[in-house]
Amino acid sequence: MTQFIFTFLNGLTLAGLYFLVASGLTLIFGLMRVINLAHGAFYLLAGYVSWTIADKTDNWFYGAVAGALTLGVFGTLVYVLLLRKFQYEELRVALITLGVSLVLAQAMLAIFGGDYYQTNSPESVSFSVPIPGLGLSYPFFRIFVLILAIIVAVGLWVFISKTRYGAIIRAGVDDTTMVSALGINVQAVFIWIFFLGSVLVGFAGSVGGTTNSFGMGTDGDYLLFSLQVVIIGGLGSIGGVAIGSFLVGVIGQFATGYYPTFAGIITFAMLILILAFRPQGILGKKQ
Amino acid sequence: MSDLIISGVEAGYGHVRVLHGINLKVSDKPVALMGRNGMGKTTLAQAIMGINATTAGTITYGDVTLTGLTPTKIAQAGIGYVPQGRRVFPSLTVDEHLRILEKRTSKWTAKKVYELFPRLAERKKNGGAMLSGGEQQMLAIGRALMTDPTLLLMDEPSEGLAPAIVEHLGNSLRDLVAQGQRVLLIEQNLKFASTLCDEIVILSNGEIQATVSSKELRASAELQNKYLGVA
Ligand SMILES: Nc1ncnc2c1ncn2[C@@H]1O[C@H](COP(=O)(O)OP(=O)(O)OP(=O)(O)O)[C@@H](O)[C@H]1O
Ligand SMILES: [Mg+2]
């Protein structure tokens, strides 16, 4: 019973982290149809940046802000300089971002070496909360991550479905040419989406680099997790990312906890099963 | 006010040339551009909007050269585009279509569009994909008006609509023209075109074949057959 509850809590808080990582991807991949295969490398880069800044300033929040903003700027530059011209050519975009990802991974290996890092969590949230009735306690920072994910989820949903800018983004996704023929600068809109998506993955890397250790190979893992989440949930849907994160996080944790040898297979079997019945993902629109 | 002047414009798709040197001028009076299917009307509309590149010639609007500009800049220069097939946004409600274009300084507001097309006010919260053809057309026109166009460029607004709706649309547009709205109307429906325009320009095989008055064209079955292939 105790193991069950711990596994569930771990799954749930991991789902919060997956949500943060994948929400950036769903904006970029889901709304703009830009397949950013450097998403995992962005995550890892944010981990290193925030670790470095948190270490230098002794302040976790500075590290998280630095990770988010650095990636926002870096991601936007990658989009403007390398991707924008080929935005509608999926294969080229995939190859370019794969290239960016490989270069980044090598550069990070050269600078930070093969050791694993983990950022210290801020002291104000580094305590444990008792779980009623079990006589056990659970680290509050992990619950804090879940709360952050919920705040980001609600904020994104409100932004996209309720605000004027959100409506412009949806219109741009429906019919880019028509939006520009109405005098709206769609290019600027796309740059903002890329910036926002990159800030989100930067923030996720800062947070995830605190709850989990990171290093060589983390980029590939998180690219895979976020692709799984986005594909299961359905492209471009914030609610879909929430559901996908929940499934991948919780089922992944149970698989790891109870059937460690089959963990990878179990989450992929789930992906295949869901796609067999709903090829567009759980909340995705039919194309 | 600015004139739209199209001179020697050529355009096409890949190696196929569709427009072979178009010359056309639109001033105060509304002009209708007519011609049979596939003659290049939409190609010309999209060339004006910068959606299709031109391979020769120039298009100017007032003192702005439109050739080579992006659709965004061309729309900002004052051309309001109502595309063929309406192209409303399925993910947006009627109200959102108008609100995304609202500016504090604009002459047109969502409220004025709803006064022009009360039907849209009833469907404010409906998604673009849930509207009837007539409602979609009103929305496409309302959306273009929200950009405060000095010239409204409409590509077959009557296409696929029931006669009663076409008449209703014609009346609303006539009011706009009476208030001084400039119009370049692309049409295949002669009756509808003549409610708005006295001057009709015939496009045939990518060239301007003739300019006739709508009265003259309506009176002559022979001319209709020659220019529009209907009689
Ligand atoms: N995207 C495209 N690619 C290639 N050829 C095209 C394309 N669009 C149109 N054409 C061709 O260009 C020619 C002119 O087409 P256009 O759409 O301008 O005609 P139109 O006068 O608007 O016809 P309609 O009355 O049917 O709307 C046609 O022969 C058409 O087949
Ligand atoms: Mg056409």
# chains A, B, ... in the order shown; residues from 1 in each chain; ligands from 1
>>> residues_near_ligand(ligand="ligand 2", cutoff="8 Å", atoms="only C-alpha atoms and all ligand atoms", output="PyMOL selection string")
chain B and resi 37-38+40-43+84+155-156
>>> write_last_selection(atoms="N, CA and C atoms", output="PDB file, in the first residue's frame")
ATOM      1  N   ASN B  37     -14.973  30.360 -65.887  1.00  0.00           N
ATOM      2  CA  ASN B  37     -14.127  29.594 -64.961  1.00  0.00           C
ATOM      3  C   ASN B  37     -12.713  29.421 -65.505  1.00  0.00           C
ATOM      4  N   GLY B  38     -11.760  29.571 -64.654  1.00  0.00           N
ATOM      5  CA  GLY B  38     -10.375  29.269 -65.021  1.00  0.00           C
ATOM      6  C   GLY B  38      -9.703  30.312 -65.893  1.00  0.00           C
ATOM      7  N   GLY B  40      -8.484  33.175 -64.880  1.00  0.00           N
ATOM      8  CA  GLY B  40      -7.395  33.851 -64.171  1.00  0.00           C
ATOM      9  C   GLY B  40      -7.838  34.931 -63.202  1.00  0.00           C
ATOM     10  N   LYS B  41      -9.127  34.969 -62.873  1.00  0.00           N
ATOM     11  CA  LYS B  41      -9.635  36.027 -61.984  1.00  0.00           C
ATOM     12  C   LYS B  41      -9.011  35.937 -60.592  1.00  0.00           C
ATOM     13  N   THR B  42      -9.044  34.720 -60.036  1.00  0.00           N
ATOM     14  CA  THR B  42      -8.474  34.545 -58.696  1.00  0.00           C
ATOM     15  C   THR B  42      -6.962  34.756 -58.705  1.00  0.00           C
ATOM     16  N   THR B  43      -6.330  34.319 -59.798  1.00  0.00           N
ATOM     17  CA  THR B  43      -4.887  34.523 -59.911  1.00  0.00           C
ATOM     18  C   THR B  43      -4.561  36.013 -59.829  1.00  0.00           C
ATOM     19  N   GLN B  84     -12.044  34.031 -52.534  1.00  0.00           N
ATOM     20  CA  GLN B  84     -12.977  33.037 -53.063  1.00  0.00           C
ATOM     21  C   GLN B  84     -13.037  31.865 -52.070  1.00  0.00           C
ATOM     22  N   ASP B 155     -13.723  38.292 -54.146  1.00  0.00           N
ATOM     23  CA  ASP B 155     -13.613  37.261 -55.180  1.00  0.00           C
ATOM     24  C   ASP B 155     -14.829  36.333 -55.109  1.00  0.00           C
ATOM     25  N   GLU B 156     -15.722  36.509 -56.034  1.00  0.00           N
ATOM     26  CA  GLU B 156     -16.957  35.712 -56.147  1.00  0.00           C
ATOM     27  C   GLU B 156     -17.723  35.554 -54.840  1.00  0.00           C
TER      28      GLU B 156
END
>>> closest_atom_pairs(of="chain B", to="chain A", cutoff="8 Å", atoms="only C-alpha atoms", output="Markdown table")
| residue | atom | partner | partner_atom | distance |
| --- | --- | --- | --- | --- |
| B:Met49 | CA | A:Ala181 | CA | 6.8 |
| B:Ile51 | CA | A:Thr177 | CA | 7.4 |
| B:Pro71 | CA | A:Ala181 | CA | 4.7 |
| B:Thr72 | CA | A:Gly183 | CA | 4.1 |
| B:Lys73 | CA | A:Gly183 | CA | 6.3 |
| B:Ile74 | CA | A:Gly183 | CA | 7.3 |
| B:Ala75 | CA | A:Gly183 | CA | 4.7 |
| B:Gln76 | CA | A:Gly183 | CA | 5.1 |
| B:Gly80 | CA | A:Leu182 | CA | 7.1 |
| B:Tyr81 | CA | A:Ala181 | CA | 6.8 |
| B:Arg87 | CA | A:Met178 | CA | 7.3 |
| B:Phe89 | CA | A:Ala171 | CA | 5.8 |
| B:Pro90 | CA | A:Asp174 | CA | 7.0 |
| B:Ser91 | CA | A:Arg170 | CA | 6.3 |
| B:Leu92 | CA | A:Ala167 | CA | 6.6 |
| B:Glu96 | CA | A:Ala167 | CA | 6.6 |
| B:Arg99 | CA | A:Arg164 | CA | 7.0 |
| B:Ile100 | CA | A:Arg164 | CA | 5.7 |
| B:Leu101 | CA | A:Leu182 | CA | 8.0 |
| B:Ala144 | CA | A:Leu182 | CA | 6.8 |
| B:Thr147 | CA | A:Leu182 | CA | 6.6 |
>>> select_by_dssp(residues="segment 73-192 of chain A", states="alpha helix (DSSP H)", output="number ranges by chain")
A: 73-78, 90-112, 140-162, 164-174, 176-180, 186-192
>>> residues_near_ligand(ligand="ligand 1", cutoff="10 Å", atoms="only C-alpha atoms and all ligand atoms", output="MDAnalysis selection string")
chainID B and resid 11:19 33:47 52 84:85 155:156 159 186:188 203:206
>>> write_last_selection(atoms="N, CA, C and O atoms", output="CSV table (one decimal), in the first residue's frame")
chain,number,residue,atom,x,y,z
B,11,ALA,N,1.5,36.7,-64.4
B,11,ALA,CA,1.6,35.8,-63.3
B,11,ALA,C,1.2,34.4,-63.7
B,11,ALA,O,0.6,34.2,-64.7
B,12,GLY,N,1.6,33.4,-62.9
B,12,GLY,CA,1.2,32.0,-63.2
B,12,GLY,C,1.7,31.1,-62.1
B,12,GLY,O,2.0,31.5,-61.0
B,13,TYR,N,1.6,29.8,-62.4
B,13,TYR,CA,2.0,28.8,-61.5
B,13,TYR,C,3.1,28.0,-62.1
B,13,TYR,O,2.9,27.4,-63.1
B,14,GLY,N,4.3,27.9,-61.5
B,14,GLY,CA,5.4,27.2,-62.1
B,14,GLY,C,5.7,27.7,-63.5
B,14,GLY,O,5.9,28.9,-63.6
B,15,HIS,N,5.7,26.8,-64.4
B,15,HIS,CA,6.1,27.3,-65.8
B,15,HIS,C,4.8,27.7,-66.6
B,15,HIS,O,4.9,28.2,-67.7
B,16,VAL,N,3.7,27.5,-66.0
B,16,VAL,CA,2.4,27.9,-66.7
B,16,VAL,C,2.1,29.3,-66.4
B,16,VAL,O,1.9,29.7,-65.3
B,17,ARG,N,2.0,30.1,-67.5
B,17,ARG,CA,1.6,31.5,-67.3
B,17,ARG,C,0.1,31.6,-67.5
B,17,ARG,O,-0.5,31.1,-68.4
B,18,VAL,N,-0.5,32.3,-66.5
B,18,VAL,CA,-2.0,32.4,-66.5
B,18,VAL,C,-2.4,33.8,-66.9
B,18,VAL,O,-3.3,34.0,-67.7
B,19,LEU,N,-1.7,34.8,-66.4
B,19,LEU,CA,-2.0,36.2,-66.8
B,19,LEU,C,-1.0,36.7,-67.8
B,19,LEU,O,0.2,36.6,-67.5
B,33,LEU,N,-15.0,42.6,-62.3
B,33,LEU,CA,-14.2,41.8,-63.2
B,33,LEU,C,-14.9,40.5,-63.4
B,33,LEU,O,-15.1,39.7,-62.5
B,34,MET,N,-15.2,40.2,-64.7
B,34,MET,CA,-16.0,39.0,-64.9
B,34,MET,C,-15.2,38.1,-66.0
B,34,MET,O,-14.4,38.6,-66.7
B,35,GLY,N,-15.6,36.9,-66.0
B,35,GLY,CA,-15.0,35.9,-67.0
B,35,GLY,C,-15.4,34.5,-66.6
B,35,GLY,O,-15.7,34.3,-65.4
B,36,ARG,N,-15.2,33.6,-67.5
B,36,ARG,CA,-15.6,32.2,-67.3
B,36,ARG,C,-14.6,31.6,-66.3
B,36,ARG,O,-13.6,32.1,-65.9
B,37,ASN,N,-15.0,30.4,-65.9
B,37,ASN,CA,-14.1,29.6,-65.0
B,37,ASN,C,-12.7,29.4,-65.5
B,37,ASN,O,-12.5,29.2,-66.7
B,38,GLY,N,-11.8,29.6,-64.7
B,38,GLY,CA,-10.4,29.3,-65.0
B,38,GLY,C,-9.7,30.3,-65.9
B,38,GLY,O,-8.7,30.1,-66.5
B,39,MET,N,-10.3,31.5,-66.0
B,39,MET,CA,-9.7,32.5,-66.9
B,39,MET,C,-8.6,33.3,-66.2
B,39,MET,O,-7.9,34.1,-66.8
B,40,GLY,N,-8.5,33.2,-64.9
B,40,GLY,CA,-7.4,33.9,-64.2
B,40,GLY,C,-7.8,34.9,-63.2
B,40,GLY,O,-7.0,35.7,-62.7
B,41,LYS,N,-9.1,35.0,-62.9
B,41,LYS,CA,-9.6,36.0,-62.0
B,41,LYS,C,-9.0,35.9,-60.6
B,41,LYS,O,-8.5,36.9,-60.0
B,42,THR,N,-9.0,34.7,-60.0
B,42,THR,CA,-8.5,34.5,-58.7
B,42,THR,C,-7.0,34.8,-58.7
B,42,THR,O,-6.4,35.3,-57.8
B,43,THR,N,-6.3,34.3,-59.8
B,43,THR,CA,-4.9,34.5,-59.9
B,43,THR,C,-4.6,36.0,-59.8
B,43,THR,O,-3.6,36.4,-59.2
B,44,LEU,N,-5.4,36.8,-60.5
B,44,LEU,CA,-5.2,38.3,-60.4
B,44,LEU,C,-5.4,38.8,-59.0
B,44,LEU,O,-4.6,39.6,-58.5
B,45,ALA,N,-6.5,38.4,-58.4
B,45,ALA,CA,-6.8,38.8,-57.0
B,45,ALA,C,-5.6,38.5,-56.1
B,45,ALA,O,-5.2,39.3,-55.3
B,46,GLN,N,-5.1,37.3,-56.3
B,46,GLN,CA,-4.0,36.9,-55.4
B,46,GLN,C,-2.7,37.6,-55.7
B,46,GLN,O,-1.8,37.8,-54.8
B,47,ALA,N,-2.6,38.0,-57.0
B,47,ALA,CA,-1.4,38.8,-57.4
B,47,ALA,C,-1.5,40.2,-56.7
B,47,ALA,O,-0.5,40.7,-56.2
B,52,ASN,N,0.2,35.5,-54.7
B,52,ASN,CA,0.9,35.0,-55.9
B,52,ASN,C,1.9,36.0,-56.3
B,52,ASN,O,1.6,37.2,-56.4
B,84,GLN,N,-12.0,34.0,-52.5
B,84,GLN,CA,-13.0,33.0,-53.1
B,84,GLN,C,-13.0,31.9,-52.1
B,84,GLN,O,-12.0,31.5,-51.5
B,85,GLY,N,-14.2,31.3,-51.8
B,85,GLY,CA,-14.4,30.2,-50.9
B,85,GLY,C,-14.4,30.7,-49.4
B,85,GLY,O,-14.4,29.9,-48.5
B,155,ASP,N,-13.7,38.3,-54.1
B,155,ASP,CA,-13.6,37.3,-55.2
B,155,ASP,C,-14.8,36.3,-55.1
B,155,ASP,O,-14.9,35.5,-54.2
B,156,GLU,N,-15.7,36.5,-56.0
B,156,GLU,CA,-17.0,35.7,-56.1
B,156,GLU,C,-17.7,35.6,-54.8
B,156,GLU,O,-18.0,34.4,-54.4
B,159,GLU,N,-20.9,33.2,-54.9
B,159,GLU,CA,-20.7,31.8,-55.3
B,159,GLU,C,-21.4,30.9,-54.3
B,159,GLU,O,-21.1,30.9,-53.1
B,186,ILE,N,-15.0,40.6,-58.2
B,186,ILE,CA,-14.8,39.5,-59.1
B,186,ILE,C,-16.1,38.7,-59.1
B,186,ILE,O,-16.5,38.4,-58.0
B,187,GLU,N,-16.7,38.5,-60.2
B,187,GLU,CA,-18.0,37.8,-60.2
B,187,GLU,C,-18.2,36.9,-61.4
B,187,GLU,O,-17.6,37.1,-62.4
B,188,GLN,N,-19.2,36.0,-61.3
B,188,GLN,CA,-19.7,35.3,-62.4
B,188,GLN,C,-21.2,35.5,-62.6
B,188,GLN,O,-21.8,35.2,-63.6
B,203,LEU,N,-12.4,39.4,-68.4
B,203,LEU,CA,-11.1,38.7,-68.4
B,203,LEU,C,-11.2,37.4,-69.2
B,203,LEU,O,-12.1,36.6,-68.9
B,204,SER,N,-10.4,37.2,-70.2
B,204,SER,CA,-10.5,36.0,-70.9
B,204,SER,C,-9.1,35.4,-71.2
B,204,SER,O,-8.3,36.2,-71.8
B,205,ASN,N,-8.9,34.2,-70.9
B,205,ASN,CA,-7.5,33.6,-71.1
B,205,ASN,C,-6.4,34.5,-70.7
B,205,ASN,O,-5.4,34.6,-71.4
B,206,GLY,N,-6.5,35.1,-69.5
B,206,GLY,CA,-5.4,35.9,-68.9
B,206,GLY,C,-5.2,37.2,-69.6
B,206,GLY,O,-4.2,37.8,-69.4
>>> residues_around(residues="segment 204-220 of chain A", least_positions_apart="6", cutoff="9 Å", atoms="only C-alpha atoms", output="MDAnalysis selection string")
chainID A and resid 14 17:22 24 38:51 60 63:68 101 105 108:109 112:121 141:142 145
>>> residues_around(residues="Leu161 of chain B", least_positions_apart="2", cutoff="12 Å", atoms="only C-alpha atoms", output="JSON, numbers by chain")
{"B": [85, 86, 132, 133, 134, 135, 136, 137, 138, 156, 157, 158, 159, 163, 164, 165, 166, 167, 168, 169, 170, 189, 192]}
>>> residues_around(residues="Gly8 of chain B", least_positions_apart="4", cutoff="8 Å", atoms="only C-alpha atoms", output="ChimeraX atom specification")
/B:20-23,56-58
>>> write_last_selection(atoms="all heavy atoms", output="JSON list (two decimals), in the first residue's frame")
[["chain", "number", "residue", "atom", "x", "y", "z"],
["B", 20, "HIS", "N", -1.46, 37.27, -68.91],
["B", 20, "HIS", "CA", -0.55, 37.71, -69.96],
["B", 20, "HIS", "C", -0.60, 39.21, -70.14],
["B", 20, "HIS", "O", -1.01, 39.71, -71.20],
["B", 20, "HIS", "CB", -0.92, 37.04, -71.29],
["B", 20, "HIS", "CG", -1.08, 35.56, -71.20],
["B", 20, "HIS", "ND1", -0.01, 34.69, -71.29],
["B", 20, "HIS", "CD2", -2.17, 34.78, -71.00],
["B", 20, "HIS", "CE1", -0.44, 33.45, -71.18],
["B", 20, "HIS", "NE2", -1.75, 33.47, -70.99],
["B", 21, "GLY", "N", -0.22, 39.96, -69.14],
["B", 21, "GLY", "CA", -0.17, 41.42, -69.31],
["B", 21, "GLY", "C", -1.52, 42.07, -69.07],
["B", 21, "GLY", "O", -2.21, 42.49, -70.00],
["B", 22, "ILE", "N", -1.90, 42.17, -67.81],
["B", 22, "ILE", "CA", -3.20, 42.77, -67.46],
["B", 22, "ILE", "C", -3.03, 44.26, -67.17],
["B", 22, "ILE", "O", -2.11, 44.66, -66.46],
["B", 22, "ILE", "CB", -3.76, 42.10, -66.17],
["B", 22, "ILE", "CG1", -3.95, 40.60, -66.35],
["B", 22, "ILE", "CG2", -5.06, 42.78, -65.72],
["B", 22, "ILE", "CD1", -5.10, 40.22, -67.25],
["B", 23, "ASN", "N", -3.91, 45.07, -67.78],
["B", 23, "ASN", "CA", -3.96, 46.50, -67.46],
["B", 23, "ASN", "C", -5.35, 46.81, -66.93],
["B", 23, "ASN", "O", -6.35, 46.47, -67.58],
["B", 23, "ASN", "CB", -3.70, 47.34, -68.71],
["B", 23, "ASN", "CG", -2.29, 47.11, -69.23],
["B", 23, "ASN", "OD1", -1.32, 47.34, -68.53],
["B", 23, "ASN", "ND2", -2.19, 46.60, -70.44],
["B", 56, "ALA", "N", 5.92, 39.82, -64.20],
["B", 56, "ALA", "CA", 6.19, 41.07, -64.93],
["B", 56, "ALA", "C", 5.11, 42.07, -64.59],
["B", 56, "ALA", "O", 4.04, 41.69, -64.11],
["B", 56, "ALA", "CB", 6.23, 40.81, -66.44],
["B", 57, "GLY", "N", 5.39, 43.33, -64.86],
["B", 57, "GLY", "CA", 4.39, 44.38, -64.63],
["B", 57, "GLY", "C", 4.42, 44.92, -63.22],
["B", 57, "GLY", "O", 5.19, 44.44, -62.38],
["B", 58, "THR", "N", 3.59, 45.93, -62.99],
["B", 58, "THR", "CA", 3.55, 46.53, -61.65],
["B", 58, "THR", "C", 2.11, 46.77, -61.21],
["B", 58, "THR", "O", 1.21, 46.94, -62.04],
["B", 58, "THR", "CB", 4.26, 47.91, -61.60],
["B", 58, "THR", "OG1", 3.70, 48.74, -62.62],
["B", 58, "THR", "CG2", 5.75, 47.80, -61.79]]
>>> atom_distance(atom1="atom CA of Val129 of chain A", atom2="atom CA of Leu9 of chain A")
12.4 Å
>>> residues_around(residues="Lys125 of chain B", least_positions_apart="5", cutoff="12 Å", atoms="only C-alpha atoms", output="list in words")
Ser91, Leu92, Thr93, Val94, Asp95, Glu96, His97, Leu98, Leu120, Met130 and Leu131 of chain B
>>> write_last_selection(atoms="N, CA, C and O atoms", output="PDB file, in the first residue's frame")
ATOM      1  N   SER B  91     -11.390  27.528 -36.273  1.00  0.00           N
ATOM      2  CA  SER B  91     -11.132  27.501 -34.819  1.00  0.00           C
ATOM      3  C   SER B  91     -11.587  28.760 -34.091  1.00  0.00           C
ATOM      4  O   SER B  91     -11.412  28.855 -32.883  1.00  0.00           O
ATOM      5  N   LEU B  92     -12.101  29.752 -34.848  1.00  0.00           N
ATOM      6  CA  LEU B  92     -12.470  31.007 -34.201  1.00  0.00           C
ATOM      7  C   LEU B  92     -13.986  31.192 -34.225  1.00  0.00           C
ATOM      8  O   LEU B  92     -14.644  30.793 -35.183  1.00  0.00           O
ATOM      9  N   THR B  93     -14.510  31.822 -33.185  1.00  0.00           N
ATOM     10  CA  THR B  93     -15.924  32.178 -33.206  1.00  0.00           C
ATOM     11  C   THR B  93     -16.099  33.392 -34.115  1.00  0.00           C
ATOM     12  O   THR B  93     -15.128  34.054 -34.480  1.00  0.00           O
ATOM     13  N   VAL B  94     -17.360  33.664 -34.452  1.00  0.00           N
ATOM     14  CA  VAL B  94     -17.669  34.832 -35.276  1.00  0.00           C
ATOM     15  C   VAL B  94     -17.068  36.084 -34.633  1.00  0.00           C
ATOM     16  O   VAL B  94     -16.383  36.886 -35.287  1.00  0.00           O
ATOM     17  N   ASP B  95     -17.314  36.218 -33.330  1.00  0.00           N
ATOM     18  CA  ASP B  95     -16.852  37.407 -32.631  1.00  0.00           C
ATOM     19  C   ASP B  95     -15.324  37.526 -32.668  1.00  0.00           C
ATOM     20  O   ASP B  95     -14.782  38.616 -32.859  1.00  0.00           O
ATOM     21  N   GLU B  96     -14.634  36.401 -32.501  1.00  0.00           N
ATOM     22  CA  GLU B  96     -13.167  36.440 -32.512  1.00  0.00           C
ATOM     23  C   GLU B  96     -12.617  36.872 -33.875  1.00  0.00           C
ATOM     24  O   GLU B  96     -11.600  37.566 -33.946  1.00  0.00           O
ATOM     25  N   HIS B  97     -13.312  36.462 -34.954  1.00  0.00           N
ATOM     26  CA  HIS B  97     -12.888  36.902 -36.287  1.00  0.00           C
ATOM     27  C   HIS B  97     -12.764  38.419 -36.355  1.00  0.00           C
ATOM     28  O   HIS B  97     -11.865  38.957 -37.001  1.00  0.00           O
ATOM     29  N   LEU B  98     -13.713  39.093 -35.696  1.00  0.00           N
ATOM     30  CA  LEU B  98     -13.725  40.553 -35.771  1.00  0.00           C
ATOM     31  C   LEU B  98     -12.803  41.173 -34.732  1.00  0.00           C
ATOM     32  O   LEU B  98     -12.084  42.123 -35.008  1.00  0.00           O
ATOM     33  N   LEU B 120     -25.080  38.013 -38.201  1.00  0.00           N
ATOM     34  CA  LEU B 120     -23.827  37.627 -37.542  1.00  0.00           C
ATOM     35  C   LEU B 120     -23.911  37.851 -36.040  1.00  0.00           C
ATOM     36  O   LEU B 120     -23.336  37.090 -35.261  1.00  0.00           O
ATOM     37  N   MET B 130     -19.287  26.338 -38.229  1.00  0.00           N
ATOM     38  CA  MET B 130     -20.693  25.977 -37.994  1.00  0.00           C
ATOM     39  C   MET B 130     -21.655  26.909 -38.708  1.00  0.00           C
ATOM     40  O   MET B 130     -22.871  26.789 -38.545  1.00  0.00           O
ATOM     41  N   LEU B 131     -21.135  27.843 -39.522  1.00  0.00           N
ATOM     42  CA  LEU B 131     -22.001  28.821 -40.169  1.00  0.00           C
ATOM     43  C   LEU B 131     -22.490  28.307 -41.521  1.00  0.00           C
ATOM     44  O   LEU B 131     -21.840  27.478 -42.152  1.00  0.00           O
TER      45      LEU B 131
END
>>> residues_around(residues="Ala15 of chain A", least_positions_apart="5", cutoff="9 Å", atoms="only C-alpha atoms", output="short mmCIF file (atom, residue, chain, number, x, y, z; two decimals) with all heavy atoms, in the first residue's frame")
data_model
loop_
_atom_site.label_atom_id
_atom_site.label_comp_id
_atom_site.auth_asym_id
_atom_site.auth_seq_id
_atom_site.Cartn_x
_atom_site.Cartn_y
_atom_site.Cartn_z
N ASN A 10 4.77 9.80 -7.02
CA ASN A 10 5.92 10.02 -7.91
C ASN A 10 5.47 10.18 -9.35
O ASN A 10 5.96 11.05 -10.08
CB ASN A 10 6.91 8.86 -7.81
CG ASN A 10 7.81 8.98 -6.59
OD1 ASN A 10 7.96 10.06 -6.03
ND2 ASN A 10 8.38 7.86 -6.17
N LEU A 20 5.27 20.31 -18.12
CA LEU A 20 6.06 21.52 -18.38
C LEU A 20 6.93 21.34 -19.62
O LEU A 20 7.05 22.23 -20.45
CB LEU A 20 6.93 21.86 -17.17
CG LEU A 20 6.21 22.34 -15.91
CD1 LEU A 20 7.18 22.52 -14.76
CD2 LEU A 20 5.48 23.65 -16.20
N LEU A 146 4.28 20.04 -9.28
CA LEU A 146 2.94 19.75 -9.77
C LEU A 146 2.08 21.01 -9.77
O LEU A 146 1.34 21.29 -10.72
CB LEU A 146 2.31 18.66 -8.89
CG LEU A 146 0.94 18.14 -9.33
CD1 LEU A 146 1.02 17.52 -10.71
CD2 LEU A 146 0.42 17.12 -8.33
N ALA A 149 3.03 23.18 -12.62
CA ALA A 149 2.50 22.64 -13.88
C ALA A 149 1.02 23.01 -14.03
O ALA A 149 0.58 23.39 -15.12
CB ALA A 149 2.68 21.13 -13.93
N ALA A 242 -1.97 17.56 -20.88
CA ALA A 242 -2.21 17.23 -19.48
C ALA A 242 -2.52 15.74 -19.35
O ALA A 242 -1.92 15.04 -18.52
CB ALA A 242 -3.35 18.08 -18.93
N GLY A 244 -1.89 13.31 -21.56
CA GLY A 244 -0.72 12.54 -21.98
C GLY A 244 0.34 12.49 -20.89
O GLY A 244 0.92 11.43 -20.61
N SER A 245 0.59 13.62 -20.23
CA SER A 245 1.59 13.65 -19.16
C SER A 245 1.17 12.75 -18.02
O SER A 245 1.98 12.01 -17.45
CB SER A 245 1.75 15.06 -18.60
OG SER A 245 1.97 15.97 -19.61
N PHE A 246 -0.10 12.81 -17.68
CA PHE A 246 -0.61 11.99 -16.59
C PHE A 246 -0.37 10.51 -16.91
O PHE A 246 0.18 9.76 -16.10
CB PHE A 246 -2.10 12.27 -16.37
CG PHE A 246 -2.72 11.42 -15.30
CD1 PHE A 246 -2.57 11.75 -13.95
CD2 PHE A 246 -3.43 10.27 -15.63
CE1 PHE A 246 -3.13 10.97 -12.96
CE2 PHE A 246 -3.99 9.48 -14.64
CZ PHE A 246 -3.83 9.82 -13.30
N LEU A 247 -0.76 10.10 -18.12
CA LEU A 247 -0.63 8.68 -18.48
C LEU A 247 0.83 8.26 -18.52
O LEU A 247 1.22 7.24 -17.92
CB LEU A 247 -1.29 8.43 -19.84
CG LEU A 247 -2.83 8.50 -19.84
CD1 LEU A 247 -3.37 8.32 -21.25
CD2 LEU A 247 -3.41 7.43 -18.91
N VAL A 248 1.66 9.04 -19.22
CA VAL A 248 3.06 8.65 -19.35
C VAL A 248 3.75 8.68 -17.98
O VAL A 248 4.53 7.79 -17.64
CB VAL A 248 3.80 9.56 -20.37
CG1 VAL A 248 5.28 9.22 -20.43
CG2 VAL A 248 3.18 9.40 -21.75
N GLY A 249 3.43 9.70 -17.17
CA GLY A 249 4.06 9.83 -15.86
C GLY A 249 3.65 8.70 -14.93
O GLY A 249 4.49 7.96 -14.40
N VAL A 250 2.35 8.54 -14.74
CA VAL A 250 1.86 7.57 -13.75
C VAL A 250 2.11 6.13 -14.21
O VAL A 250 2.67 5.32 -13.46
CB VAL A 250 0.36 7.82 -13.45
CG1 VAL A 250 -0.20 6.71 -12.56
CG2 VAL A 250 0.18 9.17 -12.78
#
>>> atom_distance(atom1="atom CA of Ile79 of chain B", atom2="atom CA of Pro149 of chain B")
5.1 Å
>>> atom_distance(atom1="atom CA of Lys25 of chain B", atom2="atom CA of Thr54 of chain B")
17.1 Å
>>> select_by_dssp(residues="segment 175-224 of chain B", states="strand (DSSP E)", output="MDAnalysis selection string")
chainID B and resid 182:187 199:204 207:213
